$ cat run-v1.tsv   # TSV, C-alpha atoms
chain	number	residue	atom	x	y	z
A	884	SER	CA	0.00	0.00	0.00
A	885	GLN	CA	2.83	2.43	0.75
A	886	PHE	CA	4.07	2.12	-2.84
A	887	ILE	CA	0.63	2.42	-4.44
A	888	SER	CA	-0.13	5.83	-2.92
A	889	PRO	CA	2.80	7.65	-4.64
A	890	ILE	CA	1.83	6.10	-7.98
A	891	LEU	CA	-1.78	7.20	-7.59
A	892	LEU	CA	-0.65	10.65	-6.46
A	893	SER	CA	1.44	10.99	-9.61
A	894	ARG	CA	-1.54	9.97	-11.74
A	895	ILE	CA	-3.80	12.49	-9.96
A	896	LEU	CA	-1.34	15.34	-10.50
A	897	ALA	CA	-0.92	14.39	-14.13
A	898	TYR	CA	-4.71	14.27	-14.49
A	899	LEU	CA	-5.04	17.75	-12.96
A	900	GLN	CA	-2.44	19.12	-15.36
A	901	ASP	CA	-4.22	17.62	-18.37
A	902	THR	CA	-6.95	20.07	-19.34
A	903	SER	CA	-7.98	18.20	-22.48
A	904	ASP	CA	-10.11	15.65	-20.57
A	905	PRO	CA	-13.07	17.33	-18.79
A	906	SER	CA	-14.35	14.06	-17.30
A	907	LEU	CA	-14.32	13.80	-13.49
A	908	ALA	CA	-14.54	10.02	-13.33
A	909	PRO	CA	-10.78	9.29	-13.62
A	910	GLY	CA	-9.93	11.80	-10.90
A	911	VAL	CA	-12.62	10.49	-8.57
A	912	LEU	CA	-11.46	6.90	-9.07
A	913	LEU	CA	-7.84	7.84	-8.43
A	914	ALA	CA	-8.75	9.76	-5.25
A	915	PHE	CA	-10.87	6.85	-4.04
A	916	GLY	CA	-7.96	4.52	-4.77
A	917	MET	CA	-5.66	6.65	-2.61
A	918	PHE	CA	-8.26	6.56	0.16
A	919	LEU	CA	-8.43	2.77	0.02
A	920	ALA	CA	-4.64	2.42	-0.14
A	921	ALA	CA	-4.17	4.61	2.95
A	922	ASN	CA	-6.81	2.68	4.87
A	923	PHE	CA	-5.37	-0.70	3.94
A	924	GLN	CA	-1.89	0.47	4.87
A	925	THR	CA	-3.10	1.64	8.29
A	926	LEU	CA	-4.96	-1.62	8.85
A	927	PHE	CA	-2.08	-3.90	7.89
A	928	VAL	CA	0.62	-1.90	9.70
A	929	ASN	CA	-1.34	-1.73	12.95
A	930	ALA	CA	-2.23	-5.43	12.72
A	931	TYR	CA	1.46	-6.23	12.23
A	932	PHE	CA	2.62	-4.15	15.19
A	933	PHE	CA	-0.16	-5.52	17.37
A	934	ARG	CA	0.97	-9.08	16.72
A	935	VAL	CA	4.72	-8.47	17.09
A	936	PHE	CA	4.21	-6.40	20.25
A	937	ARG	CA	2.11	-9.20	21.74
A	938	VAL	CA	4.67	-11.85	20.83
A	939	GLY	CA	7.49	-9.62	22.09
A	940	GLN	CA	5.73	-9.11	25.42
A	941	GLN	CA	5.23	-12.86	25.75
A	942	VAL	CA	8.91	-13.48	25.02
A	943	ARG	CA	9.95	-10.80	27.51
A	944	SER	CA	7.73	-12.28	30.23
A	945	SER	CA	9.14	-15.74	29.54
A	946	VAL	CA	12.74	-14.50	29.76
A	947	VAL	CA	12.05	-12.66	33.03
A	948	SER	CA	10.41	-15.78	34.47
A	949	VAL	CA	13.29	-18.04	33.40
A	950	VAL	CA	15.90	-15.68	34.86
A	951	TYR	CA	13.95	-15.41	38.11
A	952	ARG	CA	13.59	-19.19	38.48
A	953	LYS	CA	17.27	-19.66	37.70
A	954	SER	CA	18.30	-17.02	40.24
A	955	MET	CA	16.30	-18.86	42.92
A	956	ARG	CA	18.30	-22.07	42.28
A	957	LEU	CA	21.78	-20.57	42.23
A	958	SER	CA	24.40	-22.30	44.32
A	959	GLY	CA	26.53	-20.51	46.88
A	960	ALA	CA	29.48	-20.25	44.47
A	961	SER	CA	27.24	-18.90	41.71
A	962	ARG	CA	25.75	-16.30	44.04
A	963	GLN	CA	29.28	-15.04	44.66
A	964	LYS	CA	29.84	-14.82	40.89
A	965	TRP	CA	26.55	-13.17	39.88
A	966	THR	CA	25.56	-10.01	41.72
A	967	VAL	CA	22.02	-8.83	42.35
A	968	GLY	CA	22.58	-5.94	39.96
A	969	GLU	CA	23.53	-8.25	37.09
A	970	ILE	CA	20.47	-10.42	37.68
A	971	VAL	CA	18.21	-7.37	37.76
A	972	ASN	CA	19.77	-6.13	34.52
A	973	HIS	CA	19.05	-9.48	32.87
A	974	GLN	CA	15.43	-9.27	33.98
A	975	SER	CA	14.86	-5.67	32.93
A	976	ILE	CA	17.23	-4.45	30.20
A	977	ASP	CA	18.21	-7.70	28.48
A	978	ALA	CA	14.66	-9.04	28.48
A	979	GLN	CA	13.47	-5.73	27.01
A	980	ARG	CA	15.96	-6.12	24.18
A	981	PHE	CA	14.30	-9.35	23.12
A	982	GLN	CA	11.00	-7.52	22.83
A	983	GLY	CA	12.53	-4.65	20.88
A	984	THR	CA	14.35	-7.01	18.52
A	985	LEU	CA	11.19	-8.93	17.64
A	986	THR	CA	9.40	-5.69	16.75
A	987	PHE	CA	11.67	-4.97	13.79
A	988	LEU	CA	13.00	-8.47	13.09
A	989	HIS	CA	11.18	-8.72	9.74
A	990	MET	CA	13.02	-5.62	8.54
A	991	VAL	CA	15.98	-7.92	7.89
A	992	TRP	CA	14.31	-9.35	4.79
A	993	SER	CA	11.68	-6.69	4.02
A	994	ALA	CA	14.00	-3.66	4.04
A	995	PRO	CA	16.06	-4.74	0.98
A	996	ILE	CA	12.85	-5.44	-0.95
A	997	GLN	CA	11.44	-2.03	-0.02
A	998	ILE	CA	14.67	-0.31	-1.06
A	999	ILE	CA	14.67	-2.05	-4.44
A	1000	ILE	CA	11.03	-1.13	-5.10
A	1001	CYS	CA	11.61	2.48	-4.03
A	1002	MET	CA	14.64	2.79	-6.29
A	1003	ALA	CA	12.68	1.34	-9.21
A	1004	LEU	CA	9.82	3.80	-8.68
A	1005	LEU	CA	12.20	6.74	-8.32
A	1006	TRP	CA	14.06	5.66	-11.45
A	1007	SER	CA	10.79	5.65	-13.38
A	1008	LEU	CA	10.13	9.23	-12.22
A	1009	LEU	CA	13.55	10.89	-12.18
A	1010	GLY	CA	15.81	8.56	-14.11
A	1011	PRO	CA	19.57	8.36	-13.37
A	1012	ALA	CA	19.33	11.31	-10.96
A	1013	VAL	CA	18.42	8.88	-8.17
A	1014	LEU	CA	21.99	7.55	-8.25
A	1015	GLY	CA	23.16	10.74	-6.55
A	1016	GLY	CA	20.81	10.13	-3.62
A	1017	LEU	CA	21.84	6.48	-3.49
A	1018	ALA	CA	25.50	7.49	-3.33
A	1019	MET	CA	24.80	9.85	-0.44
A	1020	MET	CA	22.95	7.14	1.50
A	1021	ILE	CA	25.89	4.77	0.98
A	1022	LEU	CA	28.28	7.43	2.27
A	1023	VAL	CA	26.18	7.88	5.43
A	1024	ILE	CA	26.37	4.16	6.28
A	1025	PRO	CA	29.94	4.31	7.78
A	1026	LEU	CA	28.90	7.24	9.97
A	1027	ASN	CA	25.91	5.29	11.26
A	1028	ILE	CA	28.14	2.29	11.99
A	1029	ILE	CA	30.54	4.48	14.00
A	1030	LEU	CA	27.66	6.03	15.96
A	1031	ALA	CA	26.13	2.60	16.66
A	1032	ARG	CA	29.44	1.25	17.98
A	1033	LYS	CA	29.91	4.34	20.15
A	1034	GLN	CA	26.38	3.95	21.50
A	1035	GLY	CA	27.06	0.29	22.25
A	1036	GLY	CA	30.19	1.17	24.22
A	1037	ILE	CA	28.32	3.77	26.26
A	1038	GLN	CA	25.52	1.25	26.90
A	1039	LYS	CA	28.03	-1.28	28.28
A	1040	GLU	CA	29.51	1.41	30.53
A	1041	MET	CA	26.02	2.31	31.77
A	1042	LEU	CA	25.27	-1.33	32.60
A	1043	LYS	CA	28.55	-1.63	34.48
A	1044	ASN	CA	27.77	1.49	36.53
A	1045	LYS	CA	24.27	0.23	37.25
A	1046	ASP	CA	25.66	-3.13	38.42
A	1047	GLU	CA	28.04	-1.38	40.80
A	1048	ARG	CA	25.29	0.87	42.16
A	1049	LEU	CA	22.86	-1.98	42.74
A	1050	LYS	CA	25.60	-4.09	44.31
A	1051	SER	CA	26.57	-1.30	46.72
A	1052	THR	CA	22.92	-0.61	47.56
A	1053	SER	CA	22.32	-4.30	48.23
A	1054	GLU	CA	25.37	-4.49	50.48
A	1055	LEU	CA	24.18	-1.42	52.38
A	1056	LEU	CA	20.69	-2.83	52.94
A	1057	ASN	CA	21.92	-6.32	53.88
A	1058	GLY	CA	24.38	-4.97	56.42
A	1059	ILE	CA	22.32	-2.07	57.69
A	1060	ARG	CA	22.76	-3.09	61.35
A	1061	VAL	CA	26.53	-3.13	61.07
A	1062	MET	CA	26.45	0.16	59.16
A	1063	LYS	CA	24.42	1.80	61.91
A	1064	PHE	CA	26.54	0.29	64.68
A	1065	PHE	CA	29.82	1.62	63.27
A	1066	ALA	CA	28.25	4.79	61.73
A	1067	TRP	CA	29.44	3.84	58.25
A	1068	GLU	CA	26.25	4.86	56.47
A	1069	ASP	CA	27.63	8.23	55.34
A	1070	ASN	CA	30.68	6.59	53.78
A	1071	PHE	CA	28.55	4.06	51.89
A	1072	LEU	CA	26.08	6.72	50.81
A	1073	GLY	CA	28.96	8.80	49.50
A	1074	LYS	CA	30.23	5.78	47.55
A	1075	ILE	CA	26.78	5.21	46.06
A	1076	ASP	CA	26.47	8.91	45.18
A	1077	ARG	CA	29.81	8.84	43.35
A	1078	ILE	CA	28.74	5.80	41.37
A	1079	ARG	CA	25.42	7.46	40.60
A	1080	ASP	CA	27.17	10.66	39.45
A	1081	HIS	CA	29.32	8.61	37.08
A	1082	GLU	CA	26.21	6.81	35.87
A	1083	LEU	CA	24.42	10.11	35.23
A	1084	ALA	CA	27.43	11.46	33.32
A	1085	THR	CA	27.41	8.37	31.11
A	1086	LEU	CA	23.65	8.70	30.64
A	1087	ARG	CA	24.11	12.33	29.61
A	1088	ARG	CA	26.66	11.29	26.97
A	1089	SER	CA	24.24	8.64	25.75
A	1090	VAL	CA	21.41	11.17	25.42
A	1091	PHE	CA	23.58	13.62	23.46
A	1092	LEU	CA	24.82	10.86	21.15
A	1093	ARG	CA	21.27	9.58	20.63
A	1094	ALA	CA	20.11	13.12	19.82
A	1095	PHE	CA	22.90	13.51	17.27
A	1096	THR	CA	22.03	10.14	15.73
A	1097	THR	CA	18.38	11.15	15.51
A	1098	PHE	CA	19.43	14.40	13.84
A	1099	ILE	CA	21.43	12.47	11.24
A	1100	TRP	CA	18.52	10.10	10.57
A	1101	SER	CA	16.07	13.00	10.31
A	1102	THR	CA	18.12	15.23	8.02
A	1103	THR	CA	19.53	12.58	5.70
A	1104	PRO	CA	16.25	12.15	3.71
A	1105	ILE	CA	16.05	15.94	3.25
A	1106	PHE	CA	19.59	16.18	1.91
A	1107	VAL	CA	19.02	13.14	-0.30
A	1108	ALA	CA	15.87	14.71	-1.77
A	1109	VAL	CA	17.65	18.03	-2.40
A	1110	LEU	CA	20.58	16.23	-4.06
A	1111	VAL	CA	18.31	14.09	-6.25
A	1112	PHE	CA	16.18	17.04	-7.40
A	1113	ALA	CA	19.24	19.21	-8.00
A	1114	THR	CA	20.88	16.46	-10.05
A	1115	PHE	CA	17.67	15.95	-12.02
A	1116	VAL	CA	17.38	19.66	-12.85
A	1117	LEU	CA	21.08	20.13	-13.64
A	1118	THR	CA	21.02	17.19	-16.05
A	1119	GLY	CA	18.27	18.84	-18.07
A	1120	GLY	CA	15.17	17.35	-16.48
A	1121	VAL	CA	11.95	19.29	-16.05
A	1122	LEU	CA	10.68	19.06	-12.47
A	1123	THR	CA	6.90	18.95	-12.65
A	1124	PRO	CA	4.45	18.41	-9.75
A	1125	ASP	CA	3.60	14.88	-10.89
A	1126	LYS	CA	7.28	13.98	-10.47
A	1127	ALA	CA	8.27	16.08	-7.47
A	1128	PHE	CA	5.49	15.24	-5.00
A	1129	PRO	CA	5.45	11.42	-5.45
A	1130	ALA	CA	9.26	11.31	-5.28

$ encode --input "run-v1.tsv" --output "C-alpha cells"
Amino acid sequence: SQFISPILLSRILAYLQDTSDPSLAPGVLLAFGMFLAANFQTLFVNAYFFRVFRVGQQVRSSVVSVVYRKSMRLSGASRQKWTVGEIVNHQSIDAQRFQGTLTFLHMVWSAPIQIIICMALLWSLLGPAVLGGLAMMILVIPLNIILARKQGGIQKEMLKNKDERLKSTSELLNGIRVMKFFAWEDNFLGKIDRIRDHELATLRRSVFLRAFTTFIWSTTPIFVAVLVFATFVLTGGVLTPDKAFPA
C-alpha cells in the first residue's frame, strides 16, 4: 500500500495538469484509490505491530520468568559470581531487548525489498538522478556504523555502573545493622552517590549521542531529496508536480 499511494498521487497530479479531458470520473477513481490504499496500509501496519508487540511481550515475560527461576536455584558459588545488579539487569534491560528485537525483526528481509522497489519507482520518475541520492545514502552508512558502535560502548559502561550501584545498595541494605553500629552509612552513601554521578554522566553522553544520531537520521532524507532534485534539474530534467510530490 505504501508504494501504491505515490503512484496514484502521480496519476492524480498528471490528471489535474491535463486540461484536455473534462471528465471527473478518472480523478474520482484515483482519489478513491488513494483513500483505500491509505486505509489498507493503516490496517495492515497496525495489525502487524499488534501481533509483534504481543509476541514480544510474551517473550519478555518468559525470559524474566526463566531468569527469576534460575536465580532462585543458584548455588553458593554462583551467588558469589553473579551479583544482584547483574540479575536485575538481565530481567529488565536484556529481556526488554528481546521484545525490541522482535518488533523490527522482519526488517531484515523486508527492508532490501522495499529499497529495491523504491529505487525502481524513483528511477521511473527521475531517471539516473536517483543515483546521486543512493551514493549519499551509501556514504552515510559508515557514519551510522561508528555512531552505533559508540552507543554500544556507552551502553556497556552504563550497565557496568548500574551493576556497581545496585551491588553497593544491596550491600548497604543487607548490612544495615553493622552500618548503623559503626556509623558507616555516610561513607557508603557517598560511595553510592559517586557511582550514581558517574552513571548520570554516562547517561548524559548517551542522550547527546542519541540526539545527534536522531538528527542524522532525520536530516539525511532531506539532503538526499535536495541532491536528487538538484541532479535531475542540472542534467536537463523538467521538475513537474507529478514527479516532485510522489518522489

$ closest_residue --input "run-v1.tsv" --among "A:Gly1073, A:Gly1058, A:Gly1015, A:Gly1035" --to "A:Val1109" --atoms "all atoms listed in the file"
A:Gly1015

$ residues_near_point --input "run-v1.tsv" --point "(27.6, 2.2, 42.6)" --cutoff "6 Å" --atoms "only C-alpha atoms" --output "list of chain:residue names"
A:Glu1047, A:Arg1048, A:Ser1051, A:Ile1075, A:Ile1078

$ closest_residue --input "run-v1.tsv" --among "A:Met917, A:Val1121, A:Cys1001, A:Leu1055" --to "A:Asp1069" --atoms "all atoms listed in the file"
A:Leu1055

$ residues_around --input "run-v1.tsv" --residues "A:Arg937" --least-positions-apart "4" --cutoff "12 Å" --atoms "only C-alpha atoms" --output "list of chain:residue names"
A:Ala930, A:Tyr931, A:Phe932, A:Phe933, A:Gln941, A:Val942, A:Arg943, A:Ser944, A:Gln982, A:Gly983, A:Leu985, A:Thr986

$ residues_around --input "run-v1.tsv" --residues "A:Thr1114" --least-positions-apart "5" --cutoff "10 Å" --atoms "all atoms listed in the file" --output "ChimeraX atom specification"
/A:1009,1011-1016,1108-1109,1119-1120

$ decode --input "run-v1.tsv" --residues "stretch 973-1004 of chain A" --atoms "N, CA, C and O atoms" --output "PDB file, in the first residue's frame"
ATOM      1  N   HIS A 973      19.538  -8.433  33.773  1.00  0.00           N
ATOM      2  CA  HIS A 973      19.048  -9.479  32.874  1.00  0.00           C
ATOM      3  C   HIS A 973      17.521  -9.472  32.807  1.00  0.00           C
ATOM      4  O   HIS A 973      16.940  -9.684  31.735  1.00  0.00           O
ATOM      5  N   GLN A 974      16.887  -9.238  33.940  1.00  0.00           N
ATOM      6  CA  GLN A 974      15.429  -9.268  33.977  1.00  0.00           C
ATOM      7  C   GLN A 974      14.798  -8.025  33.361  1.00  0.00           C
ATOM      8  O   GLN A 974      13.682  -8.103  32.844  1.00  0.00           O
ATOM      9  N   SER A 975      15.462  -6.911  33.421  1.00  0.00           N
ATOM     10  CA  SER A 975      14.857  -5.666  32.933  1.00  0.00           C
ATOM     11  C   SER A 975      15.380  -5.285  31.547  1.00  0.00           C
ATOM     12  O   SER A 975      14.631  -5.292  30.558  1.00  0.00           O
ATOM     13  N   ILE A 976      16.677  -4.995  31.438  1.00  0.00           N
ATOM     14  CA  ILE A 976      17.227  -4.452  30.195  1.00  0.00           C
ATOM     15  C   ILE A 976      17.360  -5.530  29.120  1.00  0.00           C
ATOM     16  O   ILE A 976      16.908  -5.356  27.982  1.00  0.00           O
ATOM     17  N   ASP A 977      17.988  -6.656  29.479  1.00  0.00           N
ATOM     18  CA  ASP A 977      18.213  -7.699  28.475  1.00  0.00           C
ATOM     19  C   ASP A 977      16.905  -8.306  27.987  1.00  0.00           C
ATOM     20  O   ASP A 977      16.760  -8.602  26.796  1.00  0.00           O
ATOM     21  N   ALA A 978      15.961  -8.510  28.894  1.00  0.00           N
ATOM     22  CA  ALA A 978      14.664  -9.041  28.475  1.00  0.00           C
ATOM     23  C   ALA A 978      13.931  -8.048  27.576  1.00  0.00           C
ATOM     24  O   ALA A 978      13.246  -8.445  26.625  1.00  0.00           O
ATOM     25  N   GLN A 979      14.094  -6.744  27.848  1.00  0.00           N
ATOM     26  CA  GLN A 979      13.465  -5.731  27.011  1.00  0.00           C
ATOM     27  C   GLN A 979      14.058  -5.724  25.610  1.00  0.00           C
ATOM     28  O   GLN A 979      13.363  -5.424  24.628  1.00  0.00           O
ATOM     29  N   ARG A 980      15.331  -6.079  25.502  1.00  0.00           N
ATOM     30  CA  ARG A 980      15.964  -6.122  24.181  1.00  0.00           C
ATOM     31  C   ARG A 980      15.344  -7.204  23.300  1.00  0.00           C
ATOM     32  O   ARG A 980      15.237  -7.020  22.082  1.00  0.00           O
ATOM     33  N   PHE A 981      14.963  -8.311  23.899  1.00  0.00           N
ATOM     34  CA  PHE A 981      14.297  -9.353  23.120  1.00  0.00           C
ATOM     35  C   PHE A 981      13.002  -8.807  22.513  1.00  0.00           C
ATOM     36  O   PHE A 981      12.702  -9.058  21.344  1.00  0.00           O
ATOM     37  N   GLN A 982      12.248  -8.083  23.312  1.00  0.00           N
ATOM     38  CA  GLN A 982      10.996  -7.516  22.829  1.00  0.00           C
ATOM     39  C   GLN A 982      11.241  -6.495  21.716  1.00  0.00           C
ATOM     40  O   GLN A 982      10.542  -6.484  20.700  1.00  0.00           O
ATOM     41  N   GLY A 983      12.234  -5.639  21.902  1.00  0.00           N
ATOM     42  CA  GLY A 983      12.531  -4.650  20.877  1.00  0.00           C
ATOM     43  C   GLY A 983      13.053  -5.262  19.587  1.00  0.00           C
ATOM     44  O   GLY A 983      12.759  -4.778  18.492  1.00  0.00           O
ATOM     45  N   THR A 984      13.817  -6.350  19.710  1.00  0.00           N
ATOM     46  CA  THR A 984      14.348  -7.011  18.517  1.00  0.00           C
ATOM     47  C   THR A 984      13.243  -7.645  17.696  1.00  0.00           C
ATOM     48  O   THR A 984      13.236  -7.568  16.462  1.00  0.00           O
ATOM     49  N   LEU A 985      12.286  -8.281  18.359  1.00  0.00           N
ATOM     50  CA  LEU A 985      11.194  -8.933  17.636  1.00  0.00           C
ATOM     51  C   LEU A 985      10.328  -7.931  16.885  1.00  0.00           C
ATOM     52  O   LEU A 985       9.744  -8.267  15.853  1.00  0.00           O
ATOM     53  N   THR A 986      10.257  -6.692  17.391  1.00  0.00           N
ATOM     54  CA  THR A 986       9.402  -5.692  16.753  1.00  0.00           C
ATOM     55  C   THR A 986       9.847  -5.407  15.321  1.00  0.00           C
ATOM     56  O   THR A 986       9.016  -5.281  14.413  1.00  0.00           O
ATOM     57  N   PHE A 987      11.159  -5.326  15.110  1.00  0.00           N
ATOM     58  CA  PHE A 987      11.670  -4.975  13.788  1.00  0.00           C
ATOM     59  C   PHE A 987      12.485  -6.115  13.172  1.00  0.00           C
ATOM     60  O   PHE A 987      13.338  -5.872  12.310  1.00  0.00           O
ATOM     61  N   LEU A 988      12.231  -7.331  13.604  1.00  0.00           N
ATOM     62  CA  LEU A 988      12.996  -8.469  13.092  1.00  0.00           C
ATOM     63  C   LEU A 988      12.739  -8.689  11.601  1.00  0.00           C
ATOM     64  O   LEU A 988      13.654  -9.039  10.845  1.00  0.00           O
ATOM     65  N   HIS A 989      11.510  -8.475  11.146  1.00  0.00           N
ATOM     66  CA  HIS A 989      11.178  -8.716   9.739  1.00  0.00           C
ATOM     67  C   HIS A 989      11.789  -7.672   8.809  1.00  0.00           C
ATOM     68  O   HIS A 989      11.742  -7.858   7.580  1.00  0.00           O
ATOM     69  N   MET A 990      12.339  -6.599   9.382  1.00  0.00           N
ATOM     70  CA  MET A 990      13.024  -5.623   8.541  1.00  0.00           C
ATOM     71  C   MET A 990      14.273  -6.205   7.901  1.00  0.00           C
ATOM     72  O   MET A 990      14.763  -5.667   6.905  1.00  0.00           O
ATOM     73  N   VAL A 991      14.781  -7.304   8.441  1.00  0.00           N
ATOM     74  CA  VAL A 991      15.984  -7.922   7.887  1.00  0.00           C
ATOM     75  C   VAL A 991      15.755  -8.350   6.445  1.00  0.00           C
ATOM     76  O   VAL A 991      16.626  -8.178   5.576  1.00  0.00           O
ATOM     77  N   TRP A 992      14.585  -8.910   6.153  1.00  0.00           N
ATOM     78  CA  TRP A 992      14.313  -9.352   4.788  1.00  0.00           C
ATOM     79  C   TRP A 992      13.423  -8.375   4.020  1.00  0.00           C
ATOM     80  O   TRP A 992      13.488  -8.314   2.788  1.00  0.00           O
ATOM     81  N   SER A 993      12.590  -7.600   4.727  1.00  0.00           N
ATOM     82  CA  SER A 993      11.678  -6.691   4.021  1.00  0.00           C
ATOM     83  C   SER A 993      12.352  -5.385   3.604  1.00  0.00           C
ATOM     84  O   SER A 993      11.965  -4.791   2.591  1.00  0.00           O
ATOM     85  N   ALA A 994      13.350  -4.928   4.373  1.00  0.00           N
ATOM     86  CA  ALA A 994      13.999  -3.658   4.045  1.00  0.00           C
ATOM     87  C   ALA A 994      14.682  -3.682   2.679  1.00  0.00           C
ATOM     88  O   ALA A 994      14.519  -2.738   1.892  1.00  0.00           O
ATOM     89  N   PRO A 995      15.472  -4.726   2.335  1.00  0.00           N
ATOM     90  CA  PRO A 995      16.062  -4.736   0.976  1.00  0.00           C
ATOM     91  C   PRO A 995      15.018  -4.724  -0.135  1.00  0.00           C
ATOM     92  O   PRO A 995      15.208  -4.055  -1.159  1.00  0.00           O
ATOM     93  N   ILE A 996      13.907  -5.434   0.071  1.00  0.00           N
ATOM     94  CA  ILE A 996      12.854  -5.443  -0.951  1.00  0.00           C
ATOM     95  C   ILE A 996      12.247  -4.053  -1.096  1.00  0.00           C
ATOM     96  O   ILE A 996      12.007  -3.567  -2.215  1.00  0.00           O
ATOM     97  N   GLN A 997      11.995  -3.377   0.033  1.00  0.00           N
ATOM     98  CA  GLN A 997      11.436  -2.030  -0.021  1.00  0.00           C
ATOM     99  C   GLN A 997      12.395  -1.060  -0.711  1.00  0.00           C
ATOM    100  O   GLN A 997      11.964  -0.188  -1.485  1.00  0.00           O
ATOM    101  N   ILE A 998      13.690  -1.200  -0.427  1.00  0.00           N
ATOM    102  CA  ILE A 998      14.669  -0.310  -1.058  1.00  0.00           C
ATOM    103  C   ILE A 998      14.689  -0.512  -2.573  1.00  0.00           C
ATOM    104  O   ILE A 998      14.728   0.454  -3.357  1.00  0.00           O
ATOM    105  N   ILE A 999      14.650  -1.764  -3.003  1.00  0.00           N
ATOM    106  CA  ILE A 999      14.665  -2.049  -4.442  1.00  0.00           C
ATOM    107  C   ILE A 999      13.426  -1.476  -5.124  1.00  0.00           C
ATOM    108  O   ILE A 999      13.510  -0.852  -6.198  1.00  0.00           O
ATOM    109  N   ILE A1000      12.263  -1.663  -4.514  1.00  0.00           N
ATOM    110  CA  ILE A1000      11.030  -1.134  -5.103  1.00  0.00           C
ATOM    111  C   ILE A1000      11.058   0.392  -5.141  1.00  0.00           C
ATOM    112  O   ILE A1000      10.670   1.012  -6.147  1.00  0.00           O
ATOM    113  N   CYS A1001      11.527   1.015  -4.051  1.00  0.00           N
ATOM    114  CA  CYS A1001      11.608   2.480  -4.032  1.00  0.00           C
ATOM    115  C   CYS A1001      12.549   3.008  -5.109  1.00  0.00           C
ATOM    116  O   CYS A1001      12.242   3.992  -5.801  1.00  0.00           O
ATOM    117  N   MET A1002      13.701   2.357  -5.267  1.00  0.00           N
ATOM    118  CA  MET A1002      14.643   2.792  -6.286  1.00  0.00           C
ATOM    119  C   MET A1002      14.053   2.630  -7.681  1.00  0.00           C
ATOM    120  O   MET A1002      14.259   3.480  -8.563  1.00  0.00           O
ATOM    121  N   ALA A1003      13.305   1.542  -7.895  1.00  0.00           N
ATOM    122  CA  ALA A1003      12.681   1.336  -9.207  1.00  0.00           C
ATOM    123  C   ALA A1003      11.638   2.413  -9.490  1.00  0.00           C
ATOM    124  O   ALA A1003      11.568   2.959 -10.612  1.00  0.00           O
ATOM    125  N   LEU A1004      10.828   2.755  -8.486  1.00  0.00           N
ATOM    126  CA  LEU A1004       9.820   3.800  -8.685  1.00  0.00           C
ATOM    127  C   LEU A1004      10.469   5.164  -8.905  1.00  0.00           C
ATOM    128  O   LEU A1004      10.025   5.945  -9.762  1.00  0.00           O
TER     129      LEU A1004
END
